[in-house]
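Only one structure is covered here, and it is reproduced in the block below.
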Amino acid sequence: MVSNITKDVISDVIFSKYGDNANTIIYTPSIITVRISLVIIIENLQEIIDLKNVYKNTRSQALGFVKKVLSFDSVVSLSFMKNIMYKIKILTEKLEAIELNIIDTILLIDNSIASLTEMNKDDIPMNNLVSSAIQFSGQLGIDPISDLI
């Protein structure tokens with residue numbers, strides 16, 4: 001099941017250019033770290049699953065974890081996380097400014113909350129994110145319908 005998943009497919013899931021303005025996506029270091037870590041985790045778990053001299057319980061736990069990581073919920077979560085982390089990165093950089101005063105800080109946080117709330121209310125980008133998650137789930141061999149039932 002897992003062995004047919006390539007680094008490119010996992011990378012496509014995390015670095016998909018759907019849902020946001022595809023021409024201006026900037027990947028934060030956190031997203032890049034998640035992408036690299038996820039690939040390594042899946043590869044290592046696959047090695048544990050494939051080993052013959054591993055305890056049965058260890059192998060079944062590794063298989064269970066891989067199934068959770070490669071679930072529709074995880075794909076959707078990664079898609080949303082990618083978009084939110086970019087907004088949080090911008091906020092963090094502004095909050096770290098030395099000359100920032102308390103009023104500006106409150107305004108920045110309020111604006112960030114408003115931006116995230118607006119993003120949550122906007123159906124078109126939200127539907128695009130879910131559609132891209134469905135598409136990539138198919139590439140991972142995940143059936144979104146059966147995975148959610």
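Simple scheme: letters A, B, ... for chains in structure tokens order, numbers from 1 for residues in each chain, numbers from 1 for ligands in the order shown.
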
Which residues, written as a PDB file with C-alpha atoms, in the first residue's frame, have at least one atom at most 7 Å from Ile49 in chain A, with only C-alpha atoms counted and residues fewer than 4 positions away on the same chain left out?
```pdb
ATOM      1  CA  LEU A  45       7.630   3.486   8.935  1.00  0.00           C
ATOM      2  CA  ARG A  59       4.747  -3.531  12.819  1.00  0.00           C
ATOM      3  CA  ALA A  62       3.694   1.441  12.270  1.00  0.00           C
ATOM      4  CA  LEU A  63       1.079   0.355   9.744  1.00  0.00           C
TER       5      LEU A  63
END
```

- Can you pull out every residue within 7 Å of range 76-82 of chain A, counting only C-alpha atoms, but drop anything in the same chain fewer than 5 positions away, and send it as a VMD selection string? chain A and resid 14 31 129 to 130 133

Let me see the file: selected residues, N, CA and C atoms, as a compact mmCIF listing (two decimals), in the first residue's frame.
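Final file, again34.txt:
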```txt
# COMPACT_ATOMS: atom_id res chain seq x y z
N ILE A 14 1.62 18.60 -0.19
CA ILE A 14 1.96 19.71 0.70
C ILE A 14 2.17 21.00 -0.07
N ILE A 31 6.66 24.84 6.51
CA ILE A 31 6.04 23.96 5.52
C ILE A 31 7.10 23.06 4.90
N LEU A 129 -9.53 24.23 -1.90
CA LEU A 129 -8.64 23.45 -1.04
C LEU A 129 -9.16 22.03 -0.87
N VAL A 130 -10.44 21.90 -0.63
CA VAL A 130 -11.02 20.56 -0.46
C VAL A 130 -10.93 19.78 -1.77
N ALA A 133 -7.46 18.60 -2.20
CA ALA A 133 -7.21 17.49 -1.26
C ALA A 133 -7.83 16.19 -1.78
```

- Message: So that I can check the surroundings of Ser146 in chain A, please list as a ChimeraX atom specification every protein, DNA and RNA residue that reaches within 12 Å of it, counting only C-alpha atoms and ignoring chain neighbours fewer than 6 positions away.
- Response: /A:71-73,134,137-138

- Tell me which protein, DNA and RNA residues are within 10 Å of Leu91 in chain A, counting only C-alpha atoms, leaving out same-chain ones fewer than 2 positions away, and put them as a list in words.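 Returned residues: Met85, Tyr86, Lys87, Ile88, Lys89, Glu93, Lys94, Leu95, Glu96, Thr105, Leu108, Ile109, Asn111 and Ser112 of chain A.
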
- Mind checking DSSP for range 22-80 of chain A and telling me the alpha helix (DSSP H) residues as a ChimeraX atom specification? /A:29-50,56-69,72-80
